[in-house]
4 protein chains.
Amino acid sequence: MVHVGRAAFGGRAPVVIAGPCAVESAEQTLAIARAVRDCGGDMLRGGAFKPRTSPYEFQGLGEEGLKILAAAREETGLPVVTEVLDVRQLDLVASYADMLQIGSRSMQNYPLLTEAGRSGKPVLLKRAMSATLFEWLCAAEYIAKEGNTQIVLCERGIRSFADGEYARFSLDLNVVMAARGATYLPVIVDPSHATGRADMVPPAARAAIACGAQGLIIEVIAQDTARESVLCDRLQGIRPSTLRHLIRNLERAVPESTDAAVVV
Amino acid sequence: MVHVGRAAFGGRAPVVIAGPCAVESAEQTLAIARAVRDCGGDMLRGGAFKPRTSPYEFQGLGEEGLKILAAAREETGLPVVTEVLDVRQLDLVASYADMLQIGSRSMQNYPLLTEAGRSGKPVLLKRAMSATLFEWLCAAEYIAKEGNTQIVLCERGIRSFADGEYARFSLDLNVVMAARGATYLPVIVDPSHATGRADMVPPAARAAIACGAQGLIIEVIAQDTARESVLCDRLQGIRPSTLRHLIRNLERAVPESTDAAVVV
Amino acid sequence: MVHVGRAAFGGRAPVVIAGPCAVESAEQTLAIARAVRDCGGDMLRGGAFKPRTSPYEFQGLGEEGLKILAAAREETGLPVVTEVLDVRQLDLVASYADMLQIGSRSMQNYPLLTEAGRSGKPVLLKRAMSATLFEWLCAAEYIAKEGNTQIVLCERGIRSFADGEYARFSLDLNVVMAARGATYLPVIVDPSHATGRADMVPPAARAAIACGAQGLIIEVIAQDTARESVLCDRLQGIRPSTLRHLIRNLERAVPESTDAAVVV
Amino acid sequence: MVHVGRAAFGGRAPVVIAGPCAVESAEQTLAIARAVRDCGGDMLRGGAFKPRTSPYEFQGLGEEGLKILAAAREETGLPVVTEVLDVRQLDLVASYADMLQIGSRSMQNYPLLTEAGRSGKPVLLKRAMSATLFEWLCAAEYIAKEGNTQIVLCERGIRSFADGEYARFSLDLNVVMAARGATYLPVIVDPSHATGRADMVPPAARAAIACGAQGLIIEVIAQDTARESVLCDRLQGIRPSTLRHLIRNLERAVPESTDAAVVV
């Protein structure tokens with residue numbers, strides 16, 4: 001099990017991490033953090049350093065964003081996970097965050113993995129968009145090699161021919177089942193990026209849990225925010241009312257027992 | 001809703017179709033059919049005409065296989081779905097089957113789709129391995145154009161870079177959610193082909209139902225058959241004891257209510 | 001070598017098949033056939049039975065189209081290759097065509113492959129959009145098993161995550177090199193479907209020849225036809241003036257010698 | 001045009017970069033460098049910092065490797081391109097290299113791209129394994145934004161369903177043609193990684209040049225080295241004798257003129 005504050009990855013109950021794609025302001029972040037807590041979420045997510053496809057897109061608030069996340073933790077009690085992009089900022093991010101996120105684009109940034117291993121902080125390791133299971137587990141090994149085995153794996157959708165027609169990426173639940181059988185590390189799913197569509201997040205989240213995922217990381221936009229005004233991933237954030245409904249019905253999706261009895 | 005005997009695709013309860021990959025003998029088929037019925041399955045599947053990658057592999061028993069399926073229906077009361085490959089055999093297959101299966105390799109066999117439409121029989125239309133949603137729905141339209149709207153769509157895994165490492169194909173649940181939102185036709189999932197691994201079939205089946213699939217089609221091998229002796233898809237068939245457990249726990253995975261309340 | 005009239009697949013000179021996507025009229029087909037001959041093309045292509053994604057799209061002129069192709073052969077002396085979709089029409093198509101085309105969507109239509117094998121006609125076997133090399137060679141084996149080894153393989157682009165952004169499919173030249181090393185059958189390339197863009201057809205054609213492809217099949221639209229008025233694949237047909245330039249420069253792309261001297 | 005010593009990317013003659021996958025020793029590197037020069041190569045490649053899937057594989061010689069590369073340049077006169085993985089080592093690498101390579105795994109390492117932009121050194125930007133053209137061009141923009149437009153793009157094979165059967169990756173020449181039409185930056189191809197097979201490197205190299213690539217980067221192993229003893233990518237390095245043959249025949253593959261005359 002990987003413990004981050006009161007959240008325990010790898011126990012029977014799935015861990016729900018939720019929050020904004022990017023920290024845009026103290027007001028936005030606090031409002032969403034309170035909603036996450038009220039809906040029953042276990043941890044807060046939010047990006048202060050954002051890896052954006054174009055250099056002309058919003059790149060995150062940087063340290064200012066980290067301070068906002070810390071303040072949100074202070075008020076809500078939710079542990080915070082946030083992405084680190086740059087080895088030179090790792091100490092800074094680690095000084096604010098409860099868990100370091102290595103994003104998809106950084107899954108094979110080996111210097112960053114090594115430093116995350118040395119930080120002693122729990123690490124959320126997202127799968128790269130076209131990483132094999134072997135490559136993903138080897139990336140975890142770069143962290144573990146430094147003596148840090150507080151690693152949680154996160155599937156977030158793969159690139160396939162189908163991308164762009166009805167979803168942003170292809171949610172790959174086969175890899176969740178395979179990873180569960182190949183490693184003791186907890187495995188969670190990001191239904192927000194794996195679908196890219198707010199309406200698909202609740203069913204994708206249930207499916208992930210139903211096949212053995214041990215948690216979720218979900219993007220949330222404030223209840224009354226105009227979707228067009230969101231600075232990042234605006235089509236995939238769900239509203240707090242949806243999050244509440246999703247968490248309330250999640251327990252039902254947890255498998256009753258392991259499939260250990262399966263006669264192969 | 002699409003009705004095949006007592007099975008109703010599109011109602012609240014998922015329809016479970018199960019049976020051997022290929023009809024190999026009367027004994028094998030009857031034993032499995034009885035097990036499917038006893039486990040709570042709704043329909044029997046089994047191939048008499050098999051589309052095999054190599055011409056030197058077992059190609060199915062042909063009409064003899066159809067007769068065995070009919071006898072199994074006689075005894076168990078389970079309606080039968082079986083694949084038709086060749087327009088010239090469509091009348092023959094339709095005279096034995098309760099539902100015609102159009103396999104993945106035939107999804108764009110337009111003459112076959114047209115004849116299936118004219119047959120008046122319910123049709124199970126599997127998605128091709130790399131079909132877009134648009135292509136899949138257009139294939140259904142070839143059937144519907146002939147006046148036959150008794151069509152059930154079936155997702156069975158797609159080709160992606162990940163195939164072969166930890167699963168045979170990539171189960172694409174995003175397309176299930178998208179198809180549910182794009183058509184009134186019922187959508188089911190084949191977790192046997194989508195994973196290719198018996199141990200992944202139960203979690204994949206639960207995940208499919210949890211995200212809105214309205215049924216399953218599952219390959220079964222007899223409880224005491226040596227896996228090596230099975231003539232077709234031997235790694236993915238589950239045992240009746242696993243099927244029983246899977247069906248018993250399936251109700252739990254059905255979403256409590258629609259996600260209609262989602263505020264987008 | 002596979003001989004179709006005066007065209008010889010597998011010799012040093014690449015065979016160029018060219019013609020309209022679909023036979024739309026006698027005038028259109030004759031005009032294009034004359035241009036193909038004048039540009040130095042070796043064979044005429046053109047679809048009389050068209051496998052279209054939607055049933056509401058133009059489906060081809062049927063036997064009328066076959067007659068037009070035969071008339072174009074009569075006048076130009078170019079042998080004709082045309083697609084057969086339906087086993088029931090195989091004898092009809094074979095009575096007009098010099099070579100039968102099995103399209104991508106039919107690559108695993110095993111009854112059709114078997115009948116093509118029995119026809120005794122040379123067969124152009126296109127690779128399915130996501131077929132492995134093994135599946136493609138096994139499809140050829142269905143034809144060869146009937147005693148017909150006059151088979152030419154044709155790569156026509158695969159489905160990948162990249163489709164739709166800058167090209168229609170992904171031209172897979174690695175499979176051309178691999179097929180050349182795995183079978184004695186000649187291998188040609190369809191740069192029209194593999195790119196879906198008229199401007200990419202000449203460079204893709206040169207690349208195919210440069211890596212060992214033994215021929216090309218190219219879609220042509222008449223010099224003065226408005227692209228919008230073409231009934232099928234209107235973005236990928238090249239003009240005769242482009243075809244002339246392409247064929248004139250093709251010899252240069254043929255490898256000077258085999259790579260047999262490579263020390264591995 | 002991008003100039004690196006005497007090499008000019010973007011002129012009529014393709015630039016050939018060649019050298020070992022990894023710098024393993026002074027002897028190995030010098031022997032290969034001399035061979036590259038003697039075969040007519042324009043630049044030397046070789047990795048001192050290697051991004052390896054597993055932390056237990058050979059990680060490169062580090063600064064010692066950079067010194068060996070500099071010595072090889074000294075003797076042969078060939079400009080050197082080598083990969084930089086870590087922002088903290090960028091100044092070090094830049095002090096030895098003539099051109100910085102950003103590898104596939106780092107294509108979206110935005111801090112590294114920014115520092116490469118600030119370095120003022122020419123940059124070889126490899127495409128990530130599943131990057132869209134848009135993402136690739138945006139990555140280049142991170143470099144250009146810092147005022148450095150000395151950027152060469154390099155296609156190196158994409159992830160597709162076909163990987164692993166007959167090649168390591170799928171060579172994507174469509175993106176080369178598309179990039180040529182979308183940017184003024186020179187575009188080269190890495191046939192070694194795109195195929196993963198020494199026997200496919202020469203035909204893939206010719207194909208790349210034939211469709212408009214403006215250079216190649218090729219892995220070489222010494223003429224008499226046992227393939228099994230190579231520490232990195234041992235199946236894809238070609239021998240100097242093959243390189244000589246390849247370069248000698250390359251001119252023939254260069255398109256005679258642009259396709260500008262194409263009437264679309």
# chains A, B, ... in the order shown; residues from 1 in each chain; ligands from 1
call {"tool": "interface_residues", "arguments": {"of": "chain C", "to": "chain D", "cutoff": "6 Å", "atoms": "only C-alpha atoms", "output": "list in words"}}
result
Ser160, Pro203, Ala204, Arg206, Ala207, Ala210, Cys211, Thr242, Ala253 and Val262 of chain C
call {"tool": "residues_around", "arguments": {"residues": "segment 81-94 of chain D", "least_positions_apart": "5", "cutoff": "6 Å", "atoms": "only C-alpha atoms", "output": "VMD selection string"}}
result
chain D and resid 45 to 47 99 to 102 112
call {"tool": "atom_distance", "arguments": {"atom1": "atom CA of Ile221 of chain C", "atom2": "atom CA of Ala7 of chain C"}}
result
22.3 Å
call {"tool": "select_by_dssp", "arguments": {"residues": "segment 24-254 of chain C", "states": "strand (DSSP E or B)", "output": "ChimeraX atom specification"}}
result
/C:43-45,47,80-83,99-102,123-126,151-155,158,170,187-189,215-220,238
call {"tool": "residues_around", "arguments": {"residues": "segment 136-138 of chain C", "least_positions_apart": "2", "cutoff": "10 Å", "atoms": "only C-alpha atoms", "output": "number ranges by chain"}}
result
B: 52-56; C: 107-108, 125-128, 130-134, 140-144, 153-155, 179, 182-183, 185
call {"tool": "select_by_dssp", "arguments": {"residues": "segment 119-226 of chain D", "states": "helix (DSSP H, G or I)", "output": "PyMOL selection string"}}
result
chain D and resi 119+133-144+173-182+191-195+198-210
call {"tool": "residues_around", "arguments": {"residues": "Arg105 of chain D", "least_positions_apart": "5", "cutoff": "8 Å", "atoms": "only C-alpha atoms", "output": "PyMOL selection string"}}
result
(chain A and resi 105-106+108-109) or (chain D and resi 51+128-129)
call {"tool": "closest_residue", "arguments": {"among": "C:Lys50, C:Lys121, C:Arg180, C:Arg156", "to": "Val80 of chain C", "atoms": "only C-alpha atoms"}}
result
C:Lys121
call {"tool": "residues_around", "arguments": {"residues": "Leu44 of chain B", "least_positions_apart": "4", "cutoff": "7 Å", "atoms": "only C-alpha atoms", "output": "list in words"}}
result
Ile17, Ala18, Gly19, Ala33, Leu78, Pro79, Val80 and Val81 of chain B
